[in-house]
Every structure is written in structure tokens, then in C-alpha cells.
$ cat run.cif   # mmCIF, C-alpha atoms
data_model
#
loop_
_atom_site.label_atom_id
_atom_site.label_comp_id
_atom_site.auth_asym_id
_atom_site.auth_seq_id
_atom_site.Cartn_x
_atom_site.Cartn_y
_atom_site.Cartn_z
CA MET A 1 57.62 196.36 -163.15
CA GLU A 2 59.76 193.93 -165.15
CA ALA A 3 59.94 192.87 -168.78
CA GLY A 4 56.94 190.73 -169.62
CA ASP A 5 54.62 192.01 -166.90
CA LEU A 6 51.15 193.20 -167.88
CA VAL A 7 50.23 196.77 -166.95
CA PHE A 8 46.50 197.34 -166.46
CA VAL A 9 45.61 201.04 -166.57
CA ARG A 10 42.82 203.10 -165.00
CA GLU A 11 42.37 206.41 -166.82
CA LYS A 12 39.76 209.14 -166.51
CA GLY A 13 37.69 210.45 -169.39
CA VAL A 14 34.76 209.62 -171.64
CA ILE A 15 36.36 206.83 -173.69
CA PRO A 16 37.90 205.09 -170.64
CA SER A 17 34.52 205.29 -168.88
CA ILE A 18 32.76 203.73 -171.88
CA ILE A 19 35.33 200.91 -172.02
CA ARG A 20 34.93 200.19 -168.29
CA PHE A 21 31.12 200.29 -168.57
CA PHE A 22 30.91 197.69 -171.32
CA ASP A 23 33.83 195.62 -170.02
CA LYS A 24 32.45 195.69 -166.45
CA GLY A 25 35.63 196.46 -164.54
CA GLU A 26 38.08 199.07 -163.32
CA PHE A 27 40.59 199.03 -166.20
CA ASN A 28 40.36 200.62 -169.63
CA HIS A 29 43.79 199.84 -171.08
CA VAL A 30 46.50 197.19 -170.91
CA ALA A 31 50.15 197.32 -171.96
CA ILE A 32 53.21 195.07 -171.73
CA ALA A 33 56.28 196.08 -169.73
CA VAL A 34 59.48 195.90 -171.76
CA ASP A 35 61.66 196.97 -168.82
CA SER A 36 61.22 198.75 -165.48
CA THR A 37 60.14 202.05 -167.05
CA HIS A 38 58.94 201.34 -170.62
CA ILE A 39 55.82 199.70 -172.03
CA LEU A 40 54.69 198.29 -175.37
CA GLU A 41 51.21 199.55 -176.12
CA ALA A 42 48.52 199.79 -178.77
CA GLU A 43 46.59 203.00 -178.33
CA TYR A 44 43.86 204.41 -180.54
CA ASN A 45 45.71 207.55 -181.65
CA THR A 46 49.08 205.95 -182.53
CA ARG A 47 50.66 202.81 -183.89
CA VAL A 48 52.02 200.11 -181.57
CA ARG A 49 55.06 201.58 -179.87
CA ILE A 50 57.41 201.42 -176.91
CA ILE A 51 57.20 204.45 -174.66
CA GLU A 52 58.14 205.47 -171.15
CA ASN A 53 55.19 204.52 -168.95
CA PRO A 54 53.10 207.72 -168.71
CA TYR A 55 50.40 206.23 -166.48
CA THR A 56 50.08 206.92 -162.77
CA ASN A 57 47.04 204.80 -161.94
CA PHE A 58 47.78 201.21 -162.91
CA GLU A 59 48.23 197.69 -161.58
CA VAL A 60 51.10 195.46 -162.63
CA ILE A 61 50.53 191.73 -162.98
CA PRO A 62 53.93 190.03 -162.80
CA LEU A 63 54.05 187.12 -165.26
CA LYS A 64 57.54 185.89 -164.35
CA ILE A 65 58.59 185.31 -167.96
CA LYS A 66 61.75 183.19 -167.81
CA ASP A 67 63.09 184.08 -171.25
CA LYS A 68 63.05 187.90 -171.17
CA SER A 69 64.43 188.02 -174.73
CA LYS A 70 60.96 186.92 -175.90
CA VAL A 71 59.60 190.28 -174.74
CA LYS A 72 61.94 192.22 -177.03
CA ARG A 73 61.32 189.81 -179.94
CA PHE A 74 57.55 190.14 -179.52
CA ALA A 75 57.86 193.94 -179.37
CA ALA A 76 59.96 194.01 -182.55
CA MET A 77 57.34 191.91 -184.38
CA ASN A 78 54.53 194.29 -183.40
CA ILE A 79 55.98 197.81 -183.37
CA GLY A 80 54.33 199.93 -186.03
CA LYS A 81 51.07 197.98 -186.30
CA LYS A 82 48.01 200.17 -186.71
CA TYR A 83 45.19 200.37 -184.20
CA ASP A 84 42.29 198.08 -185.14
CA PHE A 85 39.11 200.14 -184.81
CA GLY A 86 37.12 197.32 -186.39
CA GLU A 87 38.18 195.03 -183.55
CA ILE A 88 36.68 197.50 -181.08
CA ILE A 89 33.36 196.98 -182.89
CA ARG A 90 33.82 193.21 -182.68
CA ILE A 91 34.56 193.33 -178.96
CA TRP A 92 31.56 195.60 -178.38
CA LEU A 93 29.25 193.25 -180.33
CA ARG A 94 30.50 190.32 -178.26
CA LEU A 95 30.14 192.15 -174.93
CA VAL A 96 26.71 193.62 -175.67
CA PHE A 97 25.06 190.91 -177.79
CA GLY A 98 27.19 187.83 -177.10
CA TRP A 99 28.18 187.51 -180.78
CA SER A 100 31.52 185.73 -180.38
CA TRP A 101 31.38 184.36 -183.94
CA PHE A 102 31.41 187.83 -185.51
CA SER A 103 34.91 188.17 -187.03
CA LYS A 104 34.13 190.38 -190.03
CA PHE A 105 35.79 193.45 -188.51
CA ASN A 106 39.05 191.78 -187.41
CA THR A 107 42.11 192.95 -189.35
CA PRO A 108 45.04 190.60 -188.63
CA LYS A 109 47.77 193.22 -189.17
CA GLU A 110 46.12 195.68 -186.77
CA VAL A 111 45.62 195.34 -183.00
CA VAL A 112 43.93 196.84 -179.95
CA CYS A 113 45.59 196.88 -176.53
CA SER A 114 43.98 193.73 -175.17
CA GLU A 115 44.56 191.89 -178.44
CA LEU A 116 48.27 192.80 -178.27
CA ALA A 117 48.44 191.53 -174.67
CA GLY A 118 46.55 188.36 -175.61
CA ASP A 119 48.90 187.73 -178.53
CA PHE A 120 51.82 188.19 -176.12
CA LEU A 121 50.35 185.65 -173.69
CA GLN A 122 50.09 183.16 -176.55
CA TYR A 123 53.62 183.99 -177.75
CA VAL A 124 55.16 183.24 -174.33
CA GLY A 125 53.01 180.12 -173.82
CA ILE A 126 50.70 181.34 -171.04
CA ALA A 127 47.53 181.28 -173.17
CA PRO A 128 46.76 178.59 -175.75
CA LYS A 129 46.94 179.50 -179.45
CA GLY A 130 43.59 180.65 -180.82
CA SER A 131 42.32 181.97 -177.49
CA GLU A 132 39.32 184.30 -177.75
CA LEU A 133 40.14 187.98 -177.75
CA LEU A 134 39.35 189.55 -174.41
CA ALA A 135 38.67 193.14 -173.43
CA PRO A 136 41.00 194.61 -170.73
CA ASN A 137 38.95 193.58 -167.68
CA GLU A 138 38.16 190.15 -169.10
CA LEU A 139 41.88 189.67 -169.69
CA TYR A 140 42.61 190.83 -166.14
CA ARG A 141 40.12 188.33 -164.67
CA GLU A 142 41.48 185.54 -166.88
CA ILE A 143 45.07 186.20 -165.75
CA LYS A 144 43.98 186.28 -162.10
CA ASP A 145 42.11 182.97 -162.59
CA LEU A 146 45.36 181.44 -163.90
CA GLY A 147 47.01 182.33 -160.59
CA TYR A 148 49.00 185.43 -161.51
#

$ encode --input "run.cif" --output "C-alpha cells"
Amino acid sequence: MEAGDLVFVREKGVIPSIIRFFDKGEFNHVAIAVDSTHILEAEYNTRVRIIENPYTNFEVIPLKIKDKSKVKRFAAMNIGKKYDFGEIIRIWLRLVFGWSWFSKFNTPKEVVCSELAGDFLQYVGIAPKGSELLAPNELYREIKDLGY
């Protein structure tokens, strides 16, 4: 795991199972590696933070970010943001009903894990600006389709 890699997590429990059910995949969480042992993550019970990677069941997607300083700058811009519970509703409405136009619940100064990862991909130039927010497994499939 290197700075800039995406870390896709498989956890057990009710909420992870619900996420995987609606997102149709094996992952329920995604984080960004800031070094070989620490990740930047948005999790529902805390603000965006850098922590030592506590997960044991995960897959790392190496992104080969050339300018590793961008990882630290992106982290500094996002640390402390609140979790965006409204965005979870928006993602659910899109996954279940196909309502991609439904932006009422999005709060720009708050993020969910896949939104944070998507913003990072835009910040480092992998994803185009304005890309649609993806849930963890959608993001995983998108990254794989790009050849990572």
C-alpha cells in the first residue's frame, strides 16, 4: 500500500451487508492510502480523518500517483469534514430507483467514503471533474475498467 492507492474494504455486520446488497458487490467501504500504514477515510461515526489502517479484509488498487504530495494536500483539504448522511439517501435513491438527478440531499461540505475517493480521483486527474458519485462497488468497477 502506497500513498494515493485506494483501499476497498470488506467488513462484516448489518450496515456493511446492506451496503453490499444495494451496491451489488463485495465491498462496503473505500479509503485512500496516505502512506504504507495509514488511510484517509470518511466513516459514518466520525469526521474525515487519517488513521492507521484497522482493516484486515481489503483490496488495494494501486493508482501510481506520480506526485505523492497531492495525497497529503488532498488529505489536508478534507480532514475534519462531517459524514454526509443525506448523500447516503441520494446514493440509495439512485441505486434503487435510478434517480440520478436527485441532488437535494447532497451537502458539499460533507462527504461519504466513496464521495471522498471520487473527489480524490478528480483531484489527481484520473476522473473528469463533475463525475457522478459512485457507491464503493461502482467505484471499484469503474477503476478496474480504467485499467487499474

$ residues_around --input "run.cif" --residues "Ile32 (chain A)" --least-positions-apart "3" --cutoff "8 Å" --atoms "all atoms listed in the file" --output "mmCIF file with C-alpha atoms, in the frame of the given file"
data_model
loop_
_atom_site.group_PDB
_atom_site.id
_atom_site.type_symbol
_atom_site.label_atom_id
_atom_site.label_comp_id
_atom_site.auth_asym_id
_atom_site.auth_seq_id
_atom_site.Cartn_x
_atom_site.Cartn_y
_atom_site.Cartn_z
ATOM 1 C CA ALA A 3 59.940 192.870 -168.780
ATOM 2 C CA GLY A 4 56.940 190.730 -169.620
ATOM 3 C CA ASP A 5 54.620 192.010 -166.900
ATOM 4 C CA LEU A 6 51.150 193.200 -167.880
ATOM 5 C CA VAL A 7 50.230 196.770 -166.950
ATOM 6 C CA ILE A 39 55.820 199.700 -172.030
ATOM 7 C CA LEU A 40 54.690 198.290 -175.370
ATOM 8 C CA GLU A 41 51.210 199.550 -176.120
ATOM 9 C CA ALA A 117 48.440 191.530 -174.670
#

$ atom_distance --input "run.cif" --atom1 "CA of Arg141 (chain A)" --atom2 "CA of Phe120 (chain A)"
16.4 Å

$ closest_residue --input "run.cif" --among "A:Lys68, A:Tyr55, A:Leu95, A:Asn137" --to "Phe22 (chain A)" --atoms "only C-alpha atoms"
A:Leu95

$ residues_around --input "run.cif" --residues "Tyr44 (chain A)" --least-positions-apart "3" --cutoff "9 Å" --atoms "only C-alpha atoms" --output "list in words"
Arg47, Lys82, Tyr83, Asp84, Phe85, Val112 and Cys113 of chain A

$ atom_distance --input "run.cif" --atom1 "CA of Gly80 (chain A)" --atom2 "CA of Arg49 (chain A)"
6.4 Å

$ residues_around --input "run.cif" --residues "His38 (chain A)" --least-positions-apart "6" --cutoff "10 Å" --atoms "all atoms listed in the file" --output "list in words"
Met1, Glu2, Ala3, Ala31, Ile32, Ile50, Ile51, Glu52, Asn53 and Pro54 of chain A

$ atom_distance --input "run.cif" --atom1 "CA of Ser36 (chain A)" --atom2 "CA of Val71 (chain A)"
12.7 Å

$ closest_residue --input "run.cif" --among "A:Gly25, A:Ile89, A:Lys81, A:Leu63" --to "Ile126 (chain A)" --atoms "all atoms listed in the file"
A:Leu63

$ closest_residue --input "run.cif" --among "A:Ile18, A:Lys109, A:Phe27, A:Leu116" --to "Val60 (chain A)" --atoms "all atoms listed in the file"
A:Phe27

$ resolve_selection --input "run.cif" --expression "the PyMOL selection byres ((chain A and resi 8) around 6)" --output "PDB file with C-alpha atoms, keeping the file's coordinate frame"
ATOM      1  CA  VAL A   7      50.230 196.770-166.950  1.00  0.00           C
ATOM      2  CA  VAL A   9      45.610 201.040-166.570  1.00  0.00           C
ATOM      3  CA  HIS A  29      43.790 199.840-171.080  1.00  0.00           C
ATOM      4  CA  VAL A  30      46.500 197.190-170.910  1.00  0.00           C
ATOM      5  CA  PHE A  58      47.780 201.210-162.910  1.00  0.00           C
ATOM      6  CA  GLU A  59      48.230 197.690-161.580  1.00  0.00           C
TER       7      GLU A  59
END

$ residues_around --input "run.cif" --residues "Leu134 (chain A)" --least-positions-apart "2" --cutoff "8 Å" --atoms "all atoms listed in the file" --output "list in words"
Ile91, Ser114, Glu115, Gly118, Glu132, Pro136, Asn137, Glu138 and Leu139 of chain A

$ resolve_selection --input "run.cif" --expression "the PyMOL selection byres ((chain A and resi 15) around 12)" --output "MDAnalysis selection string"
chainID A and resid 10:14 16:22 27:29 43:44 88

$ closest_residue --input "run.cif" --among "A:Asp35, A:Leu146, A:Tyr140, A:Ala135" --to "Trp92 (chain A)" --atoms "only C-alpha atoms"
A:Ala135

$ resolve_selection --input "run.cif" --expression "the PyMOL selection byres ((chain A and resi 124) around 9)" --output "ChimeraX atom specification"
/A:65,67,70-71,74,119-123,125-127

$ closest_residue --input "run.cif" --among "A:Ala42, A:Ile79, A:Val48, A:Ala33" --to "Lys64 (chain A)" --atoms "only C-alpha atoms"
A:Ala33

$ build_atoms --input "run.cif" --residues "region 70-86 of chain A" --atoms "N, CA and C atoms" --output "tab-separated table (two decimals), keeping the file's coordinate frame"
chain	number	residue	atom	x	y	z
A	70	LYS	N	62.22	187.06	-175.16
A	70	LYS	CA	60.96	186.92	-175.90
A	70	LYS	C	60.17	188.23	-175.89
A	71	VAL	N	60.31	189.01	-174.83
A	71	VAL	CA	59.60	190.28	-174.74
A	71	VAL	C	60.08	191.22	-175.84
A	72	LYS	N	61.38	191.34	-175.99
A	72	LYS	CA	61.94	192.22	-177.03
A	72	LYS	C	61.61	191.70	-178.43
A	73	ARG	N	61.66	190.37	-178.63
A	73	ARG	CA	61.32	189.81	-179.94
A	73	ARG	C	59.85	190.08	-180.28
A	74	PHE	N	58.98	189.88	-179.29
A	74	PHE	CA	57.55	190.14	-179.52
A	74	PHE	C	57.33	191.62	-179.85
A	75	ALA	N	57.99	192.50	-179.11
A	75	ALA	CA	57.86	193.94	-179.37
A	75	ALA	C	58.30	194.26	-180.79
A	76	ALA	N	59.44	193.73	-181.20
A	76	ALA	CA	59.96	194.01	-182.55
A	76	ALA	C	59.00	193.54	-183.63
A	77	MET	N	58.28	192.44	-183.39
A	77	MET	CA	57.34	191.91	-184.38
A	77	MET	C	56.07	192.77	-184.47
A	78	ASN	N	55.80	193.56	-183.45
A	78	ASN	CA	54.53	194.29	-183.40
A	78	ASN	C	54.64	195.80	-183.50
A	79	ILE	N	55.82	196.36	-183.29
A	79	ILE	CA	55.98	197.81	-183.37
A	79	ILE	C	55.56	198.30	-184.76
A	80	GLY	N	54.77	199.34	-184.78
A	80	GLY	CA	54.33	199.93	-186.03
A	80	GLY	C	52.97	199.47	-186.50
A	81	LYS	N	52.41	198.42	-185.89
A	81	LYS	CA	51.07	197.98	-186.30
A	81	LYS	C	50.06	199.08	-186.02
A	82	LYS	N	49.07	199.18	-186.89
A	82	LYS	CA	48.01	200.17	-186.71
A	82	LYS	C	47.02	199.71	-185.65
A	83	TYR	N	46.26	200.66	-185.15
A	83	TYR	CA	45.19	200.37	-184.20
A	83	TYR	C	44.00	199.80	-184.98
A	84	ASP	N	43.37	198.77	-184.45
A	84	ASP	CA	42.29	198.08	-185.14
A	84	ASP	C	40.92	198.54	-184.63
A	85	PHE	N	40.41	199.61	-185.23
A	85	PHE	CA	39.11	200.14	-184.81
A	85	PHE	C	37.99	199.14	-185.08
A	86	GLY	N	38.12	198.34	-186.12
A	86	GLY	CA	37.12	197.32	-186.39
A	86	GLY	C	37.04	196.29	-185.27
